[in-house]
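Source file start_26.pdb; content: PDB, C-alpha atoms.
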```pdb
ATOM      1  CA  MET A   1       0.000   0.000   0.000  1.00  0.00           C
ATOM      2  CA  LYS A   2       1.352   3.393  -0.989  1.00  0.00           C
ATOM      3  CA  LYS A   3       1.850   6.054   1.632  1.00  0.00           C
ATOM      4  CA  THR A   4      -1.006   8.155   0.206  1.00  0.00           C
ATOM      5  CA  ASP A   5      -3.303   5.114   0.257  1.00  0.00           C
ATOM      6  CA  LYS A   6      -2.411   4.411   3.882  1.00  0.00           C
ATOM      7  CA  LYS A   7      -3.131   8.032   4.761  1.00  0.00           C
ATOM      8  CA  MET A   8      -6.540   7.906   3.055  1.00  0.00           C
ATOM      9  CA  ASP A   9      -7.326   4.603   4.745  1.00  0.00           C
ATOM     10  CA  ASN A  10      -6.608   6.152   8.141  1.00  0.00           C
ATOM     11  CA  HIS A  11      -8.903   9.093   7.316  1.00  0.00           C
ATOM     12  CA  ILE A  12     -11.672   6.734   6.184  1.00  0.00           C
ATOM     13  CA  ARG A  13     -11.271   4.672   9.338  1.00  0.00           C
ATOM     14  CA  ARG A  14     -11.506   7.809  11.498  1.00  0.00           C
ATOM     15  CA  VAL A  15     -14.752   9.098   9.961  1.00  0.00           C
ATOM     16  CA  LEU A  16     -16.312   5.628   9.926  1.00  0.00           C
ATOM     17  CA  THR A  17     -15.450   5.223  13.609  1.00  0.00           C
ATOM     18  CA  ASP A  18     -17.549   8.316  14.284  1.00  0.00           C
ATOM     19  CA  VAL A  19     -20.420   6.862  12.244  1.00  0.00           C
ATOM     20  CA  CYS A  20     -20.090   3.571  14.132  1.00  0.00           C
ATOM     21  CA  GLU A  21     -20.149   5.184  17.572  1.00  0.00           C
ATOM     22  CA  THR A  22     -23.264   7.192  16.701  1.00  0.00           C
ATOM     23  CA  SER A  23     -24.977   4.156  15.187  1.00  0.00           C
ATOM     24  CA  LEU A  24     -24.277   2.023  18.247  1.00  0.00           C
ATOM     25  CA  LYS A  25     -26.269   4.525  20.309  1.00  0.00           C
ATOM     26  CA  ASP A  26     -29.040   5.209  17.792  1.00  0.00           C
ATOM     27  CA  ILE A  27     -29.779   1.931  15.999  1.00  0.00           C
ATOM     28  CA  ASP A  28     -31.112  -1.218  17.659  1.00  0.00           C
ATOM     29  CA  GLY A  29     -29.146  -4.313  16.732  1.00  0.00           C
ATOM     30  CA  PHE A  30     -26.277  -2.431  15.087  1.00  0.00           C
ATOM     31  CA  ALA A  31     -23.008  -4.128  16.096  1.00  0.00           C
ATOM     32  CA  TRP A  32     -20.101  -2.693  14.103  1.00  0.00           C
ATOM     33  CA  LEU A  33     -18.905  -1.592  10.701  1.00  0.00           C
ATOM     34  CA  THR A  34     -15.846  -1.917   8.534  1.00  0.00           C
ATOM     35  CA  HIS A  35     -14.779  -1.081   5.027  1.00  0.00           C
ATOM     36  CA  THR A  36     -13.033  -2.688   2.103  1.00  0.00           C
ATOM     37  CA  VAL A  37     -11.262  -0.943  -0.731  1.00  0.00           C
ATOM     38  CA  ASN A  38      -8.906  -1.603  -3.593  1.00  0.00           C
ATOM     39  CA  TYR A  39      -6.900   1.609  -3.915  1.00  0.00           C
ATOM     40  CA  ALA A  40      -6.030   0.822  -7.532  1.00  0.00           C
ATOM     41  CA  GLN A  41      -9.757   1.391  -8.187  1.00  0.00           C
ATOM     42  CA  PHE A  42     -10.519   4.022  -5.555  1.00  0.00           C
ATOM     43  CA  PRO A  43     -13.128   5.335  -4.835  1.00  0.00           C
ATOM     44  CA  GLN A  44     -15.285   3.038  -7.016  1.00  0.00           C
ATOM     45  CA  SER A  45     -14.202  -0.038  -5.042  1.00  0.00           C
ATOM     46  CA  LEU A  46     -15.010   1.421  -1.615  1.00  0.00           C
ATOM     47  CA  LYS A  47     -17.583  -0.582   0.351  1.00  0.00           C
ATOM     48  CA  VAL A  48     -18.771   0.133   3.870  1.00  0.00           C
ATOM     49  CA  ILE A  49     -20.150  -2.954   5.587  1.00  0.00           C
ATOM     50  CA  CYS A  50     -22.596  -2.358   8.444  1.00  0.00           C
ATOM     51  CA  VAL A  51     -23.089  -5.430  10.611  1.00  0.00           C
ATOM     52  CA  PHE A  52     -26.098  -6.224  12.774  1.00  0.00           C
ATOM     53  CA  GLU A  53     -26.397  -8.975  15.363  1.00  0.00           C
ATOM     54  CA  THR A  54     -29.307 -10.873  13.798  1.00  0.00           C
ATOM     55  CA  LEU A  55     -31.182 -11.089  10.526  1.00  0.00           C
ATOM     56  CA  GLU A  56     -34.371 -10.076  12.327  1.00  0.00           C
ATOM     57  CA  GLU A  57     -32.741  -6.864  13.609  1.00  0.00           C
ATOM     58  CA  LEU A  58     -31.365  -6.117  10.153  1.00  0.00           C
ATOM     59  CA  THR A  59     -34.759  -6.662   8.522  1.00  0.00           C
ATOM     60  CA  THR A  60     -36.414  -4.292  11.001  1.00  0.00           C
ATOM     61  CA  PHE A  61     -33.699  -1.709  10.341  1.00  0.00           C
ATOM     62  CA  LEU A  62     -34.029  -1.978   6.540  1.00  0.00           C
ATOM     63  CA  GLU A  63     -37.728  -1.168   6.842  1.00  0.00           C
ATOM     64  CA  SER A  64     -37.147   1.852   9.075  1.00  0.00           C
ATOM     65  CA  GLU A  65     -36.329   5.502   8.445  1.00  0.00           C
ATOM     66  CA  GLN A  66     -32.934   4.883  10.042  1.00  0.00           C
ATOM     67  CA  TYR A  67     -31.903   2.968   6.916  1.00  0.00           C
ATOM     68  CA  ASN A  68     -31.886   6.109   4.770  1.00  0.00           C
ATOM     69  CA  LEU A  69     -30.367   8.169   7.573  1.00  0.00           C
ATOM     70  CA  LEU A  70     -27.411   5.796   7.971  1.00  0.00           C
ATOM     71  CA  ASN A  71     -26.743   5.707   4.228  1.00  0.00           C
ATOM     72  CA  ILE A  72     -26.800   9.509   4.139  1.00  0.00           C
ATOM     73  CA  ARG A  73     -24.558   9.739   7.213  1.00  0.00           C
ATOM     74  CA  VAL A  74     -21.925   7.431   5.691  1.00  0.00           C
ATOM     75  CA  ARG A  75     -21.878   9.365   2.393  1.00  0.00           C
ATOM     76  CA  ARG A  76     -21.785  12.732   4.151  1.00  0.00           C
ATOM     77  CA  GLU A  77     -18.831  11.715   6.315  1.00  0.00           C
ATOM     78  CA  LEU A  78     -16.892  10.339   3.360  1.00  0.00           C
ATOM     79  CA  THR A  79     -17.429  13.538   1.381  1.00  0.00           C
ATOM     80  CA  THR A  80     -15.682  15.466   4.170  1.00  0.00           C
ATOM     81  CA  LEU A  81     -12.558  13.636   2.956  1.00  0.00           C
ATOM     82  CA  ASP A  82     -13.132  14.798  -0.635  1.00  0.00           C
ATOM     83  CA  VAL A  83     -13.992  11.266  -1.666  1.00  0.00           C
ATOM     84  CA  SER A  84     -15.911  11.558  -4.919  1.00  0.00           C
ATOM     85  CA  LEU A  85     -18.819   9.130  -4.730  1.00  0.00           C
ATOM     86  CA  LYS A  86     -21.264   8.679  -7.578  1.00  0.00           C
ATOM     87  CA  PRO A  87     -24.800   9.198  -6.266  1.00  0.00           C
ATOM     88  CA  ASN A  88     -26.262   6.063  -7.852  1.00  0.00           C
ATOM     89  CA  VAL A  89     -23.509   3.687  -6.681  1.00  0.00           C
ATOM     90  CA  LYS A  90     -24.317   1.628  -3.598  1.00  0.00           C
ATOM     91  CA  ILE A  91     -21.391   1.816  -1.203  1.00  0.00           C
ATOM     92  CA  VAL A  92     -23.082   0.655   2.001  1.00  0.00           C
ATOM     93  CA  VAL A  93     -23.663  -3.077   2.364  1.00  0.00           C
ATOM     94  CA  TYR A  94     -25.491  -4.726   5.252  1.00  0.00           C
ATOM     95  CA  ASP A  95     -24.767  -8.052   6.909  1.00  0.00           C
ATOM     96  CA  THR A  96     -25.265  -9.889  10.192  1.00  0.00           C
ATOM     97  CA  GLU A  97     -23.198 -11.781  12.714  1.00  0.00           C
ATOM     98  CA  GLU A  98     -25.788 -14.532  12.482  1.00  0.00           C
ATOM     99  CA  MET A  99     -25.366 -15.022   8.724  1.00  0.00           C
ATOM    100  CA  CYS A 100     -21.569 -14.989   8.922  1.00  0.00           C
ATOM    101  CA  GLU A 101     -21.694 -17.691  11.569  1.00  0.00           C
ATOM    102  CA  GLN A 102     -24.046 -19.832   9.464  1.00  0.00           C
ATOM    103  CA  GLU A 103     -22.351 -19.363   6.104  1.00  0.00           C
ATOM    104  CA  HIS A 104     -18.666 -18.769   6.933  1.00  0.00           C
ATOM    105  CA  GLN A 105     -18.232 -20.159  10.466  1.00  0.00           C
ATOM    106  CA  ASN A 106     -17.466 -16.623  11.787  1.00  0.00           C
ATOM    107  CA  ASN A 107     -14.622 -16.157   9.295  1.00  0.00           C
ATOM    108  CA  TRP A 108     -15.177 -12.473   8.532  1.00  0.00           C
ATOM    109  CA  ALA A 109     -12.117 -12.189   6.273  1.00  0.00           C
ATOM    110  CA  LYS A 110     -13.546 -14.861   4.002  1.00  0.00           C
ATOM    111  CA  ARG A 111     -17.031 -13.337   4.141  1.00  0.00           C
ATOM    112  CA  LEU A 112     -15.879  -9.796   3.387  1.00  0.00           C
ATOM    113  CA  ALA A 113     -14.006 -11.061   0.350  1.00  0.00           C
ATOM    114  CA  THR A 114     -17.345 -12.236  -1.093  1.00  0.00           C
ATOM    115  CA  LEU A 115     -19.229  -8.964  -0.620  1.00  0.00           C
TER     116      LEU A 115
END
```
Write-out of the structure in structure tokens:
Amino acid sequence: MKKTDKKMDNHIRRVLTDVCETSLKDIDGFAWLTHTVNYAQFPQSLKVICVFETLEELTTFLESEQYNLLNIRVRRELTTLDVSLKPNVKIVVYDTEEMCEQEHQNNWAKRLATL
């Protein structure tokens, strides 16, 4: 990873940590988030993965107003870093601890590689 890529990754991690901390307080069932990126194809390859505890909690969230608010919050925070995101490209992906356990035996590295 180039020095500039590492610097951007640290900035992304910082703003997403803020989003995560807010979401932990505001959203039932929200557990954590992470991101994946291939800097050779940045920012198109950027994905933010928001993880909930259970599929039931995720389903409830996806049907709530908080769904749109979280998507907006993630995009807004990333734009503070001058990350140019196309409006019609989905960058936020949702998953659950429950599904990772069932499908990948809690191997998040393997699971994230498939998203």
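From atom CA of A:Gln105 back to atom CA of A:Val92, the distance works out to 23.0 Å.
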task: Dig up all the protein and nucleic acid residues within 12 Å of (-6.8, 0.9, -5.8) in the file frame, using all atoms listed in the file, and format them as a PyMOL selection string.
output: chain A and resi 1-2+4-6+8-9+36-46
How would the residues just chosen look if you wrote them out with C-alpha atoms as an mmCIF file, keeping the file's coordinate frame?
```cif
data_model
loop_
_atom_site.group_PDB
_atom_site.id
_atom_site.type_symbol
_atom_site.label_atom_id
_atom_site.label_comp_id
_atom_site.auth_asym_id
_atom_site.auth_seq_id
_atom_site.Cartn_x
_atom_site.Cartn_y
_atom_site.Cartn_z
ATOM 1 C CA MET A 1 0.000 0.000 0.000
ATOM 2 C CA LYS A 2 1.352 3.393 -0.989
ATOM 3 C CA THR A 4 -1.006 8.155 0.206
ATOM 4 C CA ASP A 5 -3.303 5.114 0.257
ATOM 5 C CA LYS A 6 -2.411 4.411 3.882
ATOM 6 C CA MET A 8 -6.540 7.906 3.055
ATOM 7 C CA ASP A 9 -7.326 4.603 4.745
ATOM 8 C CA THR A 36 -13.033 -2.688 2.103
ATOM 9 C CA VAL A 37 -11.262 -0.943 -0.731
ATOM 10 C CA ASN A 38 -8.906 -1.603 -3.593
ATOM 11 C CA TYR A 39 -6.900 1.609 -3.915
ATOM 12 C CA ALA A 40 -6.030 0.822 -7.532
ATOM 13 C CA GLN A 41 -9.757 1.391 -8.187
ATOM 14 C CA PHE A 42 -10.519 4.022 -5.555
ATOM 15 C CA PRO A 43 -13.128 5.335 -4.835
ATOM 16 C CA GLN A 44 -15.285 3.038 -7.016
ATOM 17 C CA SER A 45 -14.202 -0.038 -5.042
ATOM 18 C CA LEU A 46 -15.010 1.421 -1.615
#
```
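If only C-alpha atoms are the atoms counted, then among A:Gln66, A:Asn107, A:Thr54, A:Thr59 the closest residue to A:Thr22 is A:Gln66.
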Which residues are close to A:Val51, i.e. within 10 Å by all atoms listed in the file, leaving aside same-chain residues fewer than 5 positions away? Reply as a short mmCIF file (atom, residue, chain, number, x, y, z; two decimals) with C-alpha atoms, keeping the file's coordinate frame.
```cif
data_model
loop_
_atom_site.label_atom_id
_atom_site.label_comp_id
_atom_site.auth_asym_id
_atom_site.auth_seq_id
_atom_site.Cartn_x
_atom_site.Cartn_y
_atom_site.Cartn_z
CA GLY A 29 -29.15 -4.31 16.73
CA PHE A 30 -26.28 -2.43 15.09
CA ALA A 31 -23.01 -4.13 16.10
CA TRP A 32 -20.10 -2.69 14.10
CA LEU A 33 -18.90 -1.59 10.70
CA THR A 34 -15.85 -1.92 8.53
CA LEU A 58 -31.36 -6.12 10.15
CA VAL A 93 -23.66 -3.08 2.36
CA TYR A 94 -25.49 -4.73 5.25
CA ASP A 95 -24.77 -8.05 6.91
CA THR A 96 -25.26 -9.89 10.19
CA GLU A 97 -23.20 -11.78 12.71
CA GLU A 98 -25.79 -14.53 12.48
CA CYS A 100 -21.57 -14.99 8.92
#
```
Given the PyMOL selection byres ((chain A and resi 70-72) around 10), the residues it picks as a CSV table (one decimal) with C-alpha atoms, keeping the file's coordinate frame:
```csv
chain,number,residue,atom,x,y,z
A,19,VAL,CA,-20.4,6.9,12.2
A,20,CYS,CA,-20.1,3.6,14.1
A,22,THR,CA,-23.3,7.2,16.7
A,23,SER,CA,-25.0,4.2,15.2
A,26,ASP,CA,-29.0,5.2,17.8
A,27,ILE,CA,-29.8,1.9,16.0
A,48,VAL,CA,-18.8,0.1,3.9
A,50,CYS,CA,-22.6,-2.4,8.4
A,65,GLU,CA,-36.3,5.5,8.4
A,66,GLN,CA,-32.9,4.9,10.0
A,67,TYR,CA,-31.9,3.0,6.9
A,68,ASN,CA,-31.9,6.1,4.8
A,69,LEU,CA,-30.4,8.2,7.6
A,73,ARG,CA,-24.6,9.7,7.2
A,74,VAL,CA,-21.9,7.4,5.7
A,75,ARG,CA,-21.9,9.4,2.4
A,76,ARG,CA,-21.8,12.7,4.2
A,77,GLU,CA,-18.8,11.7,6.3
A,78,LEU,CA,-16.9,10.3,3.4
A,90,LYS,CA,-24.3,1.6,-3.6
A,91,ILE,CA,-21.4,1.8,-1.2
A,92,VAL,CA,-23.1,0.7,2.0
A,93,VAL,CA,-23.7,-3.1,2.4
```
Take every atom of stretch 25-35 of chain A listed in the file, fit an axis-aligned box around them, add 8 Å per side, and give the centre and edge lengths in Å to one decimal as lines of an AutoDock Vina configuration file.
```
center_x = -22.9
center_y = 0.4
center_z = 12.7
size_x = 32.3
size_y = 25.5
size_z = 31.3
```
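Between atom CA of A:Phe52 and atom CA of A:His11 the separation is 23.7 Å.
Here atom CA of A:Val15 is placed at a distance of 19.6 Å from atom CA of A:Val89.
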task: Find, counting only C-alpha atoms, the residue in A:Lys7, A:Ile12, A:Ile49, A:Asn88 that gets nearest to A:Thr114.
output: A:Ile49
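In terms of minimum interatomic distance to A:Ser64, A:Asp28 ranks closest within A:Asp28, A:His104, A:His35, A:Asp18, counting all atoms listed in the file.
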Missing atoms of stretch 10-29 of chain A rebuilt to N, CA, C and O atoms, written as an mmCIF file, in the coordinates of the input:
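Wrote it out as part-v8.cif, contents follow:
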```cif
data_model
loop_
_atom_site.group_PDB
_atom_site.id
_atom_site.type_symbol
_atom_site.label_atom_id
_atom_site.label_comp_id
_atom_site.auth_asym_id
_atom_site.auth_seq_id
_atom_site.Cartn_x
_atom_site.Cartn_y
_atom_site.Cartn_z
ATOM 1 N N ASN A 10 -6.513 5.663 6.762
ATOM 2 C CA ASN A 10 -6.608 6.152 8.141
ATOM 3 C C ASN A 10 -7.708 7.200 8.281
ATOM 4 O O ASN A 10 -8.446 7.203 9.271
ATOM 5 N N HIS A 11 -7.842 8.083 7.294
ATOM 6 C CA HIS A 11 -8.903 9.093 7.316
ATOM 7 C C HIS A 11 -10.279 8.422 7.221
ATOM 8 O O HIS A 11 -11.204 8.793 7.943
ATOM 9 N N ILE A 12 -10.404 7.456 6.333
ATOM 10 C CA ILE A 12 -11.672 6.734 6.184
ATOM 11 C C ILE A 12 -12.014 6.032 7.488
ATOM 12 O O ILE A 12 -13.152 6.104 7.975
ATOM 13 N N ARG A 13 -11.050 5.377 8.081
ATOM 14 C CA ARG A 13 -11.271 4.672 9.338
ATOM 15 C C ARG A 13 -11.736 5.632 10.437
ATOM 16 O O ARG A 13 -12.643 5.319 11.202
ATOM 17 N N ARG A 14 -11.142 6.819 10.471
ATOM 18 C CA ARG A 14 -11.506 7.809 11.498
ATOM 19 C C ARG A 14 -12.962 8.261 11.354
ATOM 20 O O ARG A 14 -13.715 8.269 12.323
ATOM 21 N N VAL A 15 -13.376 8.619 10.132
ATOM 22 C CA VAL A 15 -14.752 9.098 9.961
ATOM 23 C C VAL A 15 -15.756 7.962 10.142
ATOM 24 O O VAL A 15 -16.849 8.180 10.678
ATOM 25 N N LEU A 16 -15.399 6.750 9.737
ATOM 26 C CA LEU A 16 -16.312 5.628 9.926
ATOM 27 C C LEU A 16 -16.420 5.231 11.401
ATOM 28 O O LEU A 16 -17.467 4.746 11.833
ATOM 29 N N THR A 17 -15.380 5.464 12.165
ATOM 30 C CA THR A 17 -15.450 5.223 13.609
ATOM 31 C C THR A 17 -16.492 6.144 14.233
ATOM 32 O O THR A 17 -17.280 5.717 15.084
ATOM 33 N N ASP A 18 -16.539 7.383 13.789
ATOM 34 C CA ASP A 18 -17.549 8.316 14.284
ATOM 35 C C ASP A 18 -18.953 7.848 13.919
ATOM 36 O O ASP A 18 -19.872 7.892 14.736
ATOM 37 N N VAL A 19 -19.122 7.391 12.685
ATOM 38 C CA VAL A 19 -20.420 6.862 12.244
ATOM 39 C C VAL A 19 -20.799 5.648 13.096
ATOM 40 O O VAL A 19 -21.942 5.514 13.541
ATOM 41 N N CYS A 20 -19.847 4.782 13.346
ATOM 42 C CA CYS A 20 -20.090 3.571 14.132
ATOM 43 C C CYS A 20 -20.524 3.922 15.554
ATOM 44 O O CYS A 20 -21.511 3.376 16.051
ATOM 45 N N GLU A 21 -19.822 4.816 16.192
ATOM 46 C CA GLU A 21 -20.149 5.184 17.572
ATOM 47 C C GLU A 21 -21.548 5.776 17.673
ATOM 48 O O GLU A 21 -22.300 5.451 18.595
ATOM 49 N N THR A 22 -21.921 6.615 16.719
ATOM 50 C CA THR A 22 -23.264 7.192 16.701
ATOM 51 C C THR A 22 -24.302 6.104 16.464
ATOM 52 O O THR A 22 -25.346 6.060 17.128
ATOM 53 N N SER A 23 -24.029 5.212 15.531
ATOM 54 C CA SER A 23 -24.977 4.156 15.187
ATOM 55 C C SER A 23 -25.183 3.180 16.340
ATOM 56 O O SER A 23 -26.299 2.679 16.542
ATOM 57 N N LEU A 24 -24.144 2.909 17.091
ATOM 58 C CA LEU A 24 -24.277 2.023 18.247
ATOM 59 C C LEU A 24 -25.284 2.579 19.249
ATOM 60 O O LEU A 24 -26.028 1.822 19.881
ATOM 61 N N LYS A 25 -25.338 3.892 19.381
ATOM 62 C CA LYS A 25 -26.269 4.525 20.309
ATOM 63 C C LYS A 25 -27.672 4.628 19.729
ATOM 64 O O LYS A 25 -28.650 4.519 20.458
ATOM 65 N N ASP A 26 -27.765 4.849 18.418
ATOM 66 C CA ASP A 26 -29.040 5.209 17.792
ATOM 67 C C ASP A 26 -29.806 4.054 17.152
ATOM 68 O O ASP A 26 -31.007 4.175 16.923
ATOM 69 N N ILE A 27 -29.148 2.966 16.819
ATOM 70 C CA ILE A 27 -29.779 1.931 15.999
ATOM 71 C C ILE A 27 -29.781 0.598 16.740
ATOM 72 O O ILE A 27 -28.721 0.034 17.033
ATOM 73 N N ASP A 28 -30.971 0.084 16.988
ATOM 74 C CA ASP A 28 -31.112 -1.218 17.659
ATOM 75 C C ASP A 28 -30.524 -2.327 16.797
ATOM 76 O O ASP A 28 -30.798 -2.415 15.597
ATOM 77 N N GLY A 29 -29.714 -3.162 17.421
ATOM 78 C CA GLY A 29 -29.146 -4.313 16.732
ATOM 79 C C GLY A 29 -27.866 -4.039 15.977
ATOM 80 O O GLY A 29 -27.176 -4.973 15.567
#
```
